$ cat coords39.txt   # compact mmCIF, C-alpha atoms and all ligand atoms
# COMPACT_ATOMS: atom_id res chain seq x y z
CA MET A 458 25.49 -4.22 -3.86
CA ARG A 459 26.18 -1.61 -6.51
CA PHE A 460 26.92 1.95 -5.49
CA SER A 461 24.40 3.32 -8.00
CA ILE A 462 21.62 1.34 -6.29
CA ALA A 463 22.49 2.77 -2.88
CA PHE A 464 21.80 6.24 -4.30
CA SER A 465 18.96 5.33 -6.69
CA VAL A 466 16.55 6.87 -4.19
CA LEU A 467 17.88 10.37 -4.81
CA GLU A 468 16.10 10.89 -8.13
CA ASP A 469 12.73 9.92 -6.64
CA LEU A 470 13.39 12.20 -3.67
CA ARG A 471 14.15 15.07 -6.03
CA LEU A 472 10.85 14.51 -7.86
CA GLY A 473 8.96 14.22 -4.57
CA PHE A 474 10.49 17.46 -3.37
CA LYS A 475 9.73 19.21 -6.66
CA ALA A 476 6.09 18.13 -6.63
CA SER A 477 5.36 19.04 -3.03
CA PHE A 478 7.60 21.94 -1.99
CA MET A 479 5.75 24.87 -3.61
CA PRO A 480 2.25 23.62 -2.73
CA ALA A 481 3.43 23.18 0.88
CA ILE A 482 4.83 26.73 1.01
CA LEU A 483 1.64 28.18 -0.49
CA ALA A 484 -0.51 26.27 1.97
CA ILE A 485 1.60 27.49 4.90
CA LEU A 486 1.36 31.09 3.72
CA LYS A 487 -2.40 30.73 3.50
CA SER A 488 -2.71 29.04 6.86
CA PRO A 489 0.48 29.38 8.99
CA LEU A 490 -0.93 27.14 11.71
CA LEU A 491 -0.17 24.21 9.40
CA LEU A 492 3.42 24.45 10.64
CA PHE A 493 2.21 23.16 13.98
CA ARG A 494 0.33 20.29 12.36
CA PRO A 495 3.13 18.27 10.75
CA SER A 496 0.92 15.30 9.89
CA ALA A 497 -1.57 17.52 8.04
CA LEU A 498 1.34 19.12 6.20
CA LYS A 499 2.79 15.72 5.27
CA ARG A 500 -0.58 14.60 3.93
CA LEU A 501 -0.90 17.71 1.83
CA MET A 502 2.59 17.11 0.43
CA PHE A 503 1.87 13.44 -0.28
CA PHE A 504 -1.37 14.35 -2.04
CA GLU A 505 0.65 16.54 -4.42
CA VAL A 506 3.21 13.78 -4.96
CA TRP A 507 0.56 11.14 -5.61
CA LYS A 508 -1.46 13.37 -7.96
CA ARG A 509 1.65 13.60 -10.11
CA TYR A 510 3.25 10.17 -9.70
CA GLY A 511 0.46 7.83 -8.52
CA GLY A 512 -0.30 7.03 -12.16
CA CYS A 513 3.34 6.05 -12.80
CA ALA A 514 3.37 3.87 -9.69
CA ASP A 515 0.20 2.18 -10.94
CA GLN A 516 1.75 1.55 -14.37
CA GLY A 517 4.80 -0.01 -12.76
CA GLY A 518 2.51 -2.48 -10.98
CA THR A 519 -0.02 -3.14 -13.75
CA GLU A 520 1.13 -6.67 -14.59
CA VAL A 521 1.30 -7.63 -10.92
CA LYS A 522 -2.17 -6.24 -10.20
CA LYS A 523 -3.72 -7.94 -13.25
CA GLY A 524 -2.47 -11.27 -11.93
CA LEU A 525 -3.26 -10.60 -8.29
CA ILE A 526 -6.45 -8.55 -8.11
CA THR A 527 -8.51 -9.27 -11.22
CA PRO A 528 -8.72 -13.07 -10.90
CA TYR A 529 -9.08 -13.25 -7.11
CA ALA A 530 -10.88 -10.19 -5.67
CA GLY A 531 -14.55 -10.92 -5.01
CA GLY A 532 -17.53 -10.03 -2.83
CA VAL A 533 -17.00 -7.06 -0.53
CA VAL A 534 -13.49 -5.71 -1.18
CA LEU A 535 -11.66 -3.45 1.24
CA ASP A 536 -8.72 -1.54 -0.24
CA LEU A 537 -6.42 -0.33 2.57
CA GLY A 538 -4.76 3.03 1.88
CA ALA A 539 -6.55 3.38 -1.45
CA GLY A 540 -4.66 6.51 -2.51
CA LEU A 541 -6.41 7.80 -5.63
CA GLY A 542 -8.36 4.57 -6.10
CA HIS A 543 -6.21 2.95 -8.77
CA THR A 544 -7.30 -0.49 -7.55
CA ALA A 545 -10.82 0.03 -8.94
CA ARG A 546 -9.67 -0.49 -12.54
CA TYR A 547 -8.49 -4.05 -11.74
CA LEU A 548 -11.75 -5.17 -10.12
CA ASP A 549 -14.06 -7.47 -12.03
CA LEU A 550 -17.53 -5.99 -11.58
CA SER A 551 -19.17 -9.38 -12.13
CA LYS A 552 -17.50 -10.72 -8.97
CA VAL A 553 -17.12 -7.66 -6.74
CA THR A 554 -20.28 -6.48 -4.99
CA LYS A 555 -18.76 -3.45 -3.26
CA TYR A 556 -15.50 -1.53 -3.39
CA ILE A 557 -14.64 -0.01 -0.01
CA ALA A 558 -11.76 2.46 -0.22
CA LEU A 559 -10.13 3.24 3.10
CA GLU A 560 -8.03 6.39 2.85
CA PRO A 561 -7.16 8.58 5.88
CA ASN A 562 -5.86 11.32 3.60
CA THR A 563 -9.24 12.85 2.77
CA LEU A 564 -7.70 15.10 0.11
CA MET A 565 -7.70 11.91 -2.01
CA HIS A 566 -11.41 11.16 -1.66
CA GLU A 567 -12.68 13.17 -4.63
CA GLY A 568 -10.06 11.47 -6.80
CA ILE A 569 -11.22 8.03 -5.64
CA ARG A 570 -14.84 8.82 -6.57
CA LYS A 571 -13.75 9.98 -10.05
CA GLU A 572 -11.46 7.00 -10.59
CA ALA A 573 -13.98 4.36 -9.46
CA ALA A 574 -17.10 5.63 -11.27
CA PRO A 575 -16.14 4.56 -14.84
CA TYR A 576 -15.57 1.02 -13.55
CA GLY A 577 -19.08 0.88 -12.09
CA PHE A 578 -18.42 1.72 -8.46
CA THR A 579 -20.45 4.66 -7.13
CA GLU A 580 -21.78 5.71 -3.76
CA SER A 581 -25.25 6.36 -5.20
CA SER A 582 -25.58 2.74 -6.34
CA GLY A 583 -24.17 1.43 -3.05
CA THR A 584 -21.14 -0.17 -4.71
CA LEU A 585 -18.60 2.31 -3.37
CA GLN A 586 -17.91 3.27 0.24
CA LEU A 587 -15.22 5.65 1.47
CA LEU A 588 -13.66 5.34 4.93
CA SER A 589 -11.37 7.97 6.40
CA CYS A 590 -9.88 6.15 9.38
CA GLY A 591 -6.47 4.48 9.44
CA ALA A 592 -6.02 0.78 8.70
CA GLU A 593 -4.97 0.33 12.35
CA ASP A 594 -8.37 1.51 13.56
CA THR A 595 -10.05 -1.86 13.10
CA GLU A 596 -12.96 -1.20 15.44
CA THR A 597 -14.07 1.79 13.39
CA ILE A 598 -13.60 -0.19 10.17
CA VAL A 599 -15.84 -3.06 11.29
CA SER A 600 -18.50 -0.73 12.68
CA GLU A 601 -18.59 1.50 9.57
CA ILE A 602 -18.76 -1.47 7.20
CA GLY A 603 -21.17 -3.33 9.46
CA GLY A 604 -19.32 -6.63 9.27
CA GLN A 605 -16.27 -8.37 7.82
CA VAL A 606 -15.04 -8.38 4.24
CA ASP A 607 -14.42 -11.14 1.67
CA THR A 608 -11.27 -9.61 0.20
CA LEU A 609 -8.67 -7.41 1.83
CA ILE A 610 -6.22 -5.63 -0.45
CA SER A 611 -3.04 -3.80 0.47
CA ILE A 612 -1.04 -2.11 -2.27
CA LEU A 613 2.05 -0.18 -1.15
CA MET A 614 0.39 0.72 2.14
CA LEU A 615 1.78 -1.42 4.96
CA CYS A 616 5.05 0.52 4.66
CA SER A 617 3.33 3.50 6.30
CA VAL A 618 0.91 2.00 8.78
CA PRO A 619 1.79 2.42 12.51
CA ASN A 620 2.78 -0.68 14.45
CA PRO A 621 2.71 -2.92 11.34
CA LYS A 622 3.02 -6.34 12.95
CA LYS A 623 0.12 -5.76 15.35
CA THR A 624 -1.97 -3.96 12.73
CA ILE A 625 -1.65 -6.79 10.20
CA GLU A 626 -2.55 -9.33 12.87
CA THR A 627 -5.63 -7.40 14.02
CA LEU A 628 -6.82 -6.71 10.47
CA MET A 629 -6.75 -10.41 9.60
CA ASP A 630 -8.36 -11.35 12.89
CA LYS A 631 -11.15 -8.77 13.05
CA VAL A 632 -11.78 -7.45 9.54
CA LEU A 633 -11.27 -10.42 7.20
CA LYS A 634 -14.02 -13.08 7.03
CA PRO A 635 -13.13 -16.71 7.70
CA GLY A 636 -12.36 -18.15 4.25
CA GLY A 637 -11.64 -14.64 2.95
CA GLN A 638 -8.55 -13.64 0.98
CA PHE A 639 -5.75 -11.21 1.63
CA LEU A 640 -4.01 -9.87 -1.48
CA PHE A 641 -0.92 -7.70 -1.20
CA TYR A 642 1.84 -6.03 -3.17
CA GLU A 643 4.41 -4.29 -0.97
CA HIS A 644 8.05 -3.30 -0.99
CA VAL A 645 9.89 -5.05 1.81
CA ALA A 646 13.12 -5.17 3.80
CA ASN A 647 15.90 -7.14 2.19
CA ARG A 648 17.22 -10.08 4.15
CA SER A 649 20.81 -9.20 3.31
CA TRP A 650 22.33 -6.49 5.50
CA GLU A 651 24.27 -5.08 2.59
CA VAL A 652 21.00 -3.83 1.10
CA ARG A 653 19.08 -3.35 4.30
CA VAL A 654 21.53 -0.89 5.77
CA TRP A 655 20.70 1.50 2.90
CA GLN A 656 17.01 0.94 3.44
CA TYR A 657 17.51 1.99 7.07
CA LEU A 658 19.62 5.02 6.19
CA TRP A 659 17.20 6.43 3.62
CA THR A 660 13.97 5.80 5.53
CA PRO A 661 13.84 8.99 7.70
CA ILE A 662 14.17 11.39 4.76
CA TRP A 663 12.10 9.23 2.40
CA ALA A 664 9.28 9.10 4.95
CA MET A 665 9.10 12.91 5.00
CA PHE A 666 8.05 13.17 1.35
CA PHE A 667 6.18 9.89 1.04
CA ASP A 668 3.84 10.12 4.01
CA GLY A 669 5.71 8.00 6.52
CA CYS A 670 6.67 5.26 4.05
CA ALA A 671 9.44 3.05 5.53
CA LEU A 672 11.78 1.06 3.27
CA ASN A 673 12.97 -1.32 5.97
CA ARG A 674 9.96 -3.36 7.06
CA PRO A 675 9.84 -7.17 6.79
CA THR A 676 6.12 -6.94 5.94
CA ASP A 677 6.15 -10.20 3.98
CA VAL A 678 7.58 -12.05 6.99
CA TYR A 679 4.96 -10.58 9.33
CA ILE A 680 2.25 -11.82 6.96
CA ARG A 681 3.69 -15.28 6.35
CA ASN A 682 4.22 -15.78 10.08
CA LEU A 683 0.55 -15.44 10.96
CA THR A 684 -1.15 -18.62 12.09
CA CYS A 685 -4.58 -17.74 10.66
CA TRP A 686 -3.83 -18.95 7.10
CA LYS A 687 -5.09 -22.06 5.40
CA ALA A 688 -2.22 -24.31 4.38
CA VAL A 689 -1.00 -23.85 0.82
CA PRO A 690 -2.50 -26.79 -1.11
CA GLU A 691 -0.04 -29.33 -2.52
CA VAL A 692 -1.86 -29.47 -5.83
CA MET A 693 -3.12 -26.19 -7.23
CA ALA A 694 -5.32 -25.46 -10.19
CA GLU A 695 -3.34 -24.28 -13.19
CA GLY A 696 -2.36 -20.64 -12.87
CA ASP A 697 -3.62 -20.54 -9.29
CA ARG A 698 -1.30 -19.02 -6.74
CA VAL A 699 -1.18 -18.99 -2.93
CA GLY A 700 1.72 -17.75 -0.80
CA THR A 701 4.28 -15.07 -1.71
CA TRP A 702 6.25 -14.44 -4.85
CA GLY A 703 8.46 -11.77 -6.39
CA LYS A 704 7.83 -9.18 -9.07
CA GLU A 705 8.94 -10.36 -12.47
CA GLY A 706 12.04 -8.69 -13.86
CA GLU A 707 12.88 -6.83 -10.66
CA ASP A 708 16.48 -6.22 -9.63
CA LEU A 709 17.02 -8.32 -6.51
CA ASP A 710 19.28 -5.64 -5.04
CA SER A 711 16.66 -2.90 -5.38
CA LEU A 712 15.91 -0.86 -2.26
CA PHE A 713 12.27 -1.24 -3.35
CA PHE A 714 12.32 -4.99 -3.65
CA HIS A 715 8.65 -6.08 -3.86
CA GLN A 716 6.79 -9.10 -2.66
CA VAL A 717 3.39 -10.12 -3.97
CA GLY A 718 1.13 -12.43 -2.02
CA ARG A 719 -2.21 -14.15 -1.70
CA PHE A 720 -3.34 -15.86 1.50
CA ILE A 721 -6.65 -17.45 2.46
CA LYS A 722 -7.94 -17.32 6.02
CA LYS A 723 -8.97 -20.58 7.71
CA ASP A 724 -12.72 -21.25 7.75
C1 LIG A 801 1.95 4.79 -1.63
S1 LIG A 801 0.27 5.18 -1.41
C2 LIG A 801 -0.52 3.83 -2.26
C3 LIG A 801 -1.92 4.14 -2.70
C4 LIG A 801 -2.68 3.04 -3.38
N1 LIG A 801 -2.77 1.83 -2.57
C5 LIG A 801 -2.06 2.71 -4.72
O1 LIG A 801 -1.40 1.68 -4.82
O2 LIG A 801 -2.22 3.50 -5.65
C6 LIG A 801 0.02 4.84 0.33
C7 LIG A 801 -1.34 5.27 0.85
O3 LIG A 801 -1.51 4.82 2.20
C8 LIG A 801 -2.19 5.83 2.92
N2 LIG A 801 -1.94 5.68 4.36
C9 LIG A 801 -1.01 6.27 5.12
N3 LIG A 801 -1.12 5.91 6.41
C10 LIG A 801 -2.18 5.06 6.47
C11 LIG A 801 -2.82 4.35 7.52
N4 LIG A 801 -2.40 4.42 8.79
N5 LIG A 801 -3.88 3.58 7.22
C12 LIG A 801 -4.32 3.48 5.94
N6 LIG A 801 -3.75 4.14 4.90
C13 LIG A 801 -2.70 4.91 5.16
C14 LIG A 801 -1.65 7.12 2.36
O4 LIG A 801 -2.53 8.21 2.60
C15 LIG A 801 -1.50 6.78 0.88
O5 LIG A 801 -2.62 7.14 0.15
C1 LIG A 802 18.23 -8.94 -1.22
O1 LIG A 802 19.43 -8.68 -1.90
C2 LIG A 802 20.12 -9.85 -2.31
C3 LIG A 802 21.42 -9.43 -2.98
O2 LIG A 802 22.11 -8.48 -2.25
C4 LIG A 802 19.25 -10.68 -3.21
O3 LIG A 802 19.91 -11.87 -3.59
C5 LIG A 802 17.92 -10.99 -2.54
O4 LIG A 802 17.08 -11.70 -3.38
C6 LIG A 802 17.26 -9.69 -2.11
N1 LIG A 802 15.93 -9.86 -1.54
C7 LIG A 802 15.57 -10.34 -0.35
C8 LIG A 802 14.13 -10.30 0.00
O5 LIG A 802 16.36 -10.76 0.46
C1 LIG A 803 8.73 -15.26 12.03
O1 LIG A 803 8.66 -16.56 12.58
C2 LIG A 803 9.94 -17.16 12.78
C3 LIG A 803 9.75 -18.61 13.18
O2 LIG A 803 8.72 -18.76 14.12
C4 LIG A 803 10.72 -16.34 13.83
O3 LIG A 803 11.98 -16.89 14.04
C5 LIG A 803 10.85 -14.92 13.31
O4 LIG A 803 11.47 -14.09 14.30
C6 LIG A 803 9.50 -14.33 12.93
N1 LIG A 803 9.77 -13.07 12.25
C7 LIG A 803 9.14 -11.93 12.47
C8 LIG A 803 9.64 -10.75 11.73
O5 LIG A 803 8.18 -11.83 13.21
$ encode --input "coords39.txt" --output "structure tokens"
Amino acid sequence: MRFSIAFSVLEDLRLGFKASFMPAILAILKSPLLLFRPSALKRLMFFEVWKRYGGCADQGGTEVKKGLITPYAGGVVLDLGAGLGHTARYLDLSKVTKYIALEPNTLMHEGIRKEAAPYGFTESSGTLQLLSCGAEDTETIVSEIGGQVDTLISILMLCSVPNPKKTIETLMDKVLKPGGQFLFYEHVANRSWEVRVWQYLWTPIWAMFFDGCALNRPTDVYIRNLTCWKAVPEVMAEGDRVGTWGKEGEDLDSLFFHQVGRFIKKD
């Protein structure tokens, strides 16, 4: 574990602070009651951060998303924690019938509409639907959609959902169709304590600027441990992938070590 990696988070924190501090102060001056609504304040700050750096985050994941989303997403697609809707650009319109963007931070909604329209997803044509509940609120999700979905996508979102283990379990049980696919790209806890201790130490301050994002969750293990998945086939079509894998070229010591995965629910 290199010392520089332990403190690599500082630069991102500085940028997060720079992007969100002034807008937060201005918003508080305009409406002082915001001080008593810390979650609204955090969402406002994260909106400012994501407006500025969401595009960079998307670029960093482009290769992963091209291999994960474009070939596999189909039918009705639910994007959990859609942010500014960057997933839309990876969807193949010939296979996807509807893009449902779930985003509890409603400040992002206008951005999602703008981002999705050039790729053919609009509310007026019935190919785009926006949801403003949390991913943990599965009853609302199913009732608003009016059924289950063919593809569930989670990109850098399970790090901030409450009660992750239970939420993942319920989402797969109630929201994903039998035979449907779950596609994810998340940063996860490292199995070695040398790295994980830093992920624990940074999480409280990191979460302040990045809307509750925790660096220390074994999200990939929670997902793999579920019993609802079809077994990974012994022989796979060329280029086909099921299970979890790493991000190419990533430093294994990184505090933001990513895991990519595709799982298919039993029929
Ligand atoms: C790091 S951003 C990623 C956005 C998008 N998936 C992307 O990759 O560009 C995390 C998103 O999760 C959303 N989020 C936070 N808590 C959530 C929850 N409980 N349920 C669903 N989304 C949530 C945040 O508002 C934020 O937009
Ligand atoms: C954690 O860090 C170690 C090195 O400290 C590395 O070998 C390993 O691949 C990393 N990732 C996980 C998920 O454990
Ligand atoms: C995953 O499953 C294994 C084996 O059943 C168990 O030992 C482990 O505690 C589980 N991990 C988590 C994080 O749930």
$ atom_distance --input "coords39.txt" --atom1 "atom CA of A:Ile526" --atom2 "atom CA of A:Gly538"
15.4 Å
$ residues_near_ligand --input "coords39.txt" --ligand "ligand LIG 803 (chain A)" --cutoff "12 Å" --atoms "all atoms listed in the file" --output "list of chain:residue names"
A:Pro621, A:Lys622, A:Lys623, A:Ile625, A:Glu626, A:Val645, A:Ala646, A:Asn647, A:Arg648, A:Asn673, A:Arg674, A:Pro675, A:Thr676, A:Asp677, A:Val678, A:Tyr679, A:Ile680, A:Arg681, A:Asn682, A:Leu683, A:Thr684
$ atom_distance --input "coords39.txt" --atom1 "atom CA of A:Pro635" --atom2 "atom CA of A:Thr579"
27.0 Å
$ residues_near_point --input "coords39.txt" --point "(-11.3, -1.3, 9.4)" --cutoff "9 Å" --atoms "all atoms listed in the file" --output "list in words"
Leu535, Leu537, Leu559, Leu588, Cys590, Gly591, Ala592, Glu593, Asp594, Thr595, Glu596, Thr597, Ile598, Val599, Ser600, Glu601, Ile602, Gln605, Leu628, Lys631 and Val632 of chain A
$ residues_near_ligand --input "coords39.txt" --ligand "ligand LIG 802 (chain A)" --cutoff "10 Å" --atoms "all atoms listed in the file" --output "list in words"
Met458, Arg459, His644, Val645, Ala646, Asn647, Arg648, Ser649, Trp650, Glu651, Val652, Arg653, Pro675, Asp677, Val678, Gly703, Glu707, Asp708, Leu709, Asp710, Ser711, Leu712, Phe713, Phe714, His715 and Gln716 of chain A
$ residues_near_ligand --input "coords39.txt" --ligand "ligand LIG 801 (chain A)" --cutoff "9 Å" --atoms "all atoms listed in the file" --output "VMD selection string"
chain A and resid 500 503 to 504 507 511 to 512 514 to 515 518 536 to 544 559 to 565 589 to 594 610 to 619 642 667 to 670
$ write_last_selection --input "coords39.txt" --atoms "C-alpha atoms" --output "compact mmCIF listing (two decimals), in the frame of the given file"
# COMPACT_ATOMS: atom_id res chain seq x y z
CA ARG A 500 -0.58 14.60 3.93
CA PHE A 503 1.87 13.44 -0.28
CA PHE A 504 -1.37 14.35 -2.04
CA TRP A 507 0.56 11.14 -5.61
CA GLY A 511 0.46 7.83 -8.52
CA GLY A 512 -0.30 7.03 -12.16
CA ALA A 514 3.37 3.87 -9.69
CA ASP A 515 0.20 2.18 -10.94
CA GLY A 518 2.51 -2.48 -10.98
CA ASP A 536 -8.72 -1.54 -0.24
CA LEU A 537 -6.42 -0.33 2.57
CA GLY A 538 -4.76 3.03 1.88
CA ALA A 539 -6.55 3.38 -1.45
CA GLY A 540 -4.66 6.51 -2.51
CA LEU A 541 -6.41 7.80 -5.63
CA GLY A 542 -8.36 4.57 -6.10
CA HIS A 543 -6.21 2.95 -8.77
CA THR A 544 -7.30 -0.49 -7.55
CA LEU A 559 -10.13 3.24 3.10
CA GLU A 560 -8.03 6.39 2.85
CA PRO A 561 -7.16 8.58 5.88
CA ASN A 562 -5.86 11.32 3.60
CA THR A 563 -9.24 12.85 2.77
CA LEU A 564 -7.70 15.10 0.11
CA MET A 565 -7.70 11.91 -2.01
CA SER A 589 -11.37 7.97 6.40
CA CYS A 590 -9.88 6.15 9.38
CA GLY A 591 -6.47 4.48 9.44
CA ALA A 592 -6.02 0.78 8.70
CA GLU A 593 -4.97 0.33 12.35
CA ASP A 594 -8.37 1.51 13.56
CA ILE A 610 -6.22 -5.63 -0.45
CA SER A 611 -3.04 -3.80 0.47
CA ILE A 612 -1.04 -2.11 -2.27
CA LEU A 613 2.05 -0.18 -1.15
CA MET A 614 0.39 0.72 2.14
CA LEU A 615 1.78 -1.42 4.96
CA CYS A 616 5.05 0.52 4.66
CA SER A 617 3.33 3.50 6.30
CA VAL A 618 0.91 2.00 8.78
CA PRO A 619 1.79 2.42 12.51
CA TYR A 642 1.84 -6.03 -3.17
CA PHE A 667 6.18 9.89 1.04
CA ASP A 668 3.84 10.12 4.01
CA GLY A 669 5.71 8.00 6.52
CA CYS A 670 6.67 5.26 4.05
$ closest_residue --input "coords39.txt" --among "A:Ser488, A:Thr608, A:Gln586, A:Gln656" --to "A:Gly637" --atoms "all atoms listed in the file"
A:Thr608
$ residues_around --input "coords39.txt" --residues "A:Gly636" --least-positions-apart "3" --cutoff "12 Å" --atoms "only C-alpha atoms" --output "list in words"
Gly531, Gly532, Gln605, Val606, Asp607, Thr608, Leu609, Met629, Asp630, Val632, Leu633, Phe639, Cys685, Trp686, Lys687, Ala688, Phe720, Ile721, Lys722, Lys723 and Asp724 of chain A
$ atom_distance --input "coords39.txt" --atom1 "atom CA of A:Tyr657" --atom2 "atom CA of A:Val466"
12.3 Å
$ axis_aligned_box --input "coords39.txt" --around "stretch 528-539 of chain A" --padding-each-side "8 Å" --output "AutoDock Vina command-line options"
--center_x -11.1 --center_y -4.9 --center_z -4.2 --size_x 28.8 --size_y 32.6 --size_z 29.5
$ residues_around --input "coords39.txt" --residues "A:Leu491" --least-positions-apart "6" --cutoff "12 Å" --atoms "all atoms listed in the file" --output "list in words"
Ala481, Ile482, Leu483, Ala484, Ile485, Ala497, Leu498, Lys499, Arg500, Leu501 and Met502 of chain A
$ residues_around --input "coords39.txt" --residues "A:Leu525" --least-positions-apart "4" --cutoff "7 Å" --atoms "only C-alpha atoms" --output "ChimeraX atom specification"
/A:521,529,640
$ decode --input "coords39.txt" --residues "stretch 552-569 of chain A" --atoms "N, CA, C and O atoms" --output "compact mmCIF listing (two decimals), in the first residue's frame"
# COMPACT_ATOMS: atom_id res chain seq x y z
N LYS A 552 -32.87 -2.40 -29.33
CA LYS A 552 -33.17 -3.47 -28.36
C LYS A 552 -33.92 -2.97 -27.14
O LYS A 552 -34.58 -3.73 -26.45
N VAL A 553 -33.76 -1.69 -26.83
CA VAL A 553 -34.34 -1.13 -25.60
C VAL A 553 -35.68 -0.47 -25.93
O VAL A 553 -35.75 0.41 -26.78
N THR A 554 -36.75 -0.92 -25.25
CA THR A 554 -38.06 -0.35 -25.55
C THR A 554 -38.36 0.88 -24.68
O THR A 554 -39.10 1.75 -25.07
N LYS A 555 -37.74 0.92 -23.48
CA LYS A 555 -38.01 2.05 -22.60
C LYS A 555 -36.83 2.25 -21.65
O LYS A 555 -36.30 1.26 -21.11
N TYR A 556 -36.44 3.50 -21.48
CA TYR A 556 -35.38 3.83 -20.53
C TYR A 556 -36.02 4.49 -19.31
O TYR A 556 -36.60 5.58 -19.42
N ILE A 557 -35.99 3.80 -18.17
CA ILE A 557 -36.56 4.36 -16.95
C ILE A 557 -35.41 4.82 -16.06
O ILE A 557 -34.57 4.03 -15.64
N ALA A 558 -35.36 6.14 -15.81
CA ALA A 558 -34.29 6.70 -15.01
C ALA A 558 -34.82 7.00 -13.62
O ALA A 558 -35.69 7.86 -13.45
N LEU A 559 -34.30 6.28 -12.63
CA LEU A 559 -34.70 6.52 -11.24
C LEU A 559 -33.66 7.44 -10.62
O LEU A 559 -32.48 7.12 -10.60
N GLU A 560 -34.10 8.61 -10.17
CA GLU A 560 -33.15 9.55 -9.58
C GLU A 560 -33.84 10.39 -8.50
O GLU A 560 -34.62 11.29 -8.80
N PRO A 561 -33.55 10.09 -7.22
CA PRO A 561 -34.21 10.82 -6.13
C PRO A 561 -33.80 12.29 -6.05
O PRO A 561 -34.53 13.10 -5.47
N ASN A 562 -32.66 12.63 -6.62
CA ASN A 562 -32.24 14.03 -6.64
C ASN A 562 -32.90 14.70 -7.84
O ASN A 562 -32.38 14.67 -8.96
N THR A 563 -34.06 15.33 -7.59
CA THR A 563 -34.86 15.84 -8.71
C THR A 563 -34.21 17.02 -9.43
O THR A 563 -34.62 17.38 -10.53
N LEU A 564 -33.17 17.60 -8.83
CA LEU A 564 -32.44 18.66 -9.52
C LEU A 564 -31.82 18.12 -10.82
O LEU A 564 -31.55 18.86 -11.75
N MET A 565 -31.62 16.79 -10.86
CA MET A 565 -30.98 16.15 -12.03
C MET A 565 -31.97 15.90 -13.18
O MET A 565 -31.56 15.62 -14.30
N HIS A 566 -33.28 15.95 -12.89
CA HIS A 566 -34.24 15.46 -13.88
C HIS A 566 -34.20 16.16 -15.23
O HIS A 566 -34.28 15.53 -16.27
N GLU A 567 -34.06 17.49 -15.21
CA GLU A 567 -34.01 18.23 -16.47
C GLU A 567 -32.81 17.77 -17.30
O GLU A 567 -32.89 17.61 -18.52
N GLY A 568 -31.70 17.56 -16.61
CA GLY A 568 -30.48 17.08 -17.28
C GLY A 568 -30.68 15.71 -17.91
O GLY A 568 -30.19 15.44 -19.01
N ILE A 569 -31.42 14.84 -17.23
CA ILE A 569 -31.67 13.49 -17.79
C ILE A 569 -32.48 13.61 -19.07
O ILE A 569 -32.17 12.98 -20.08
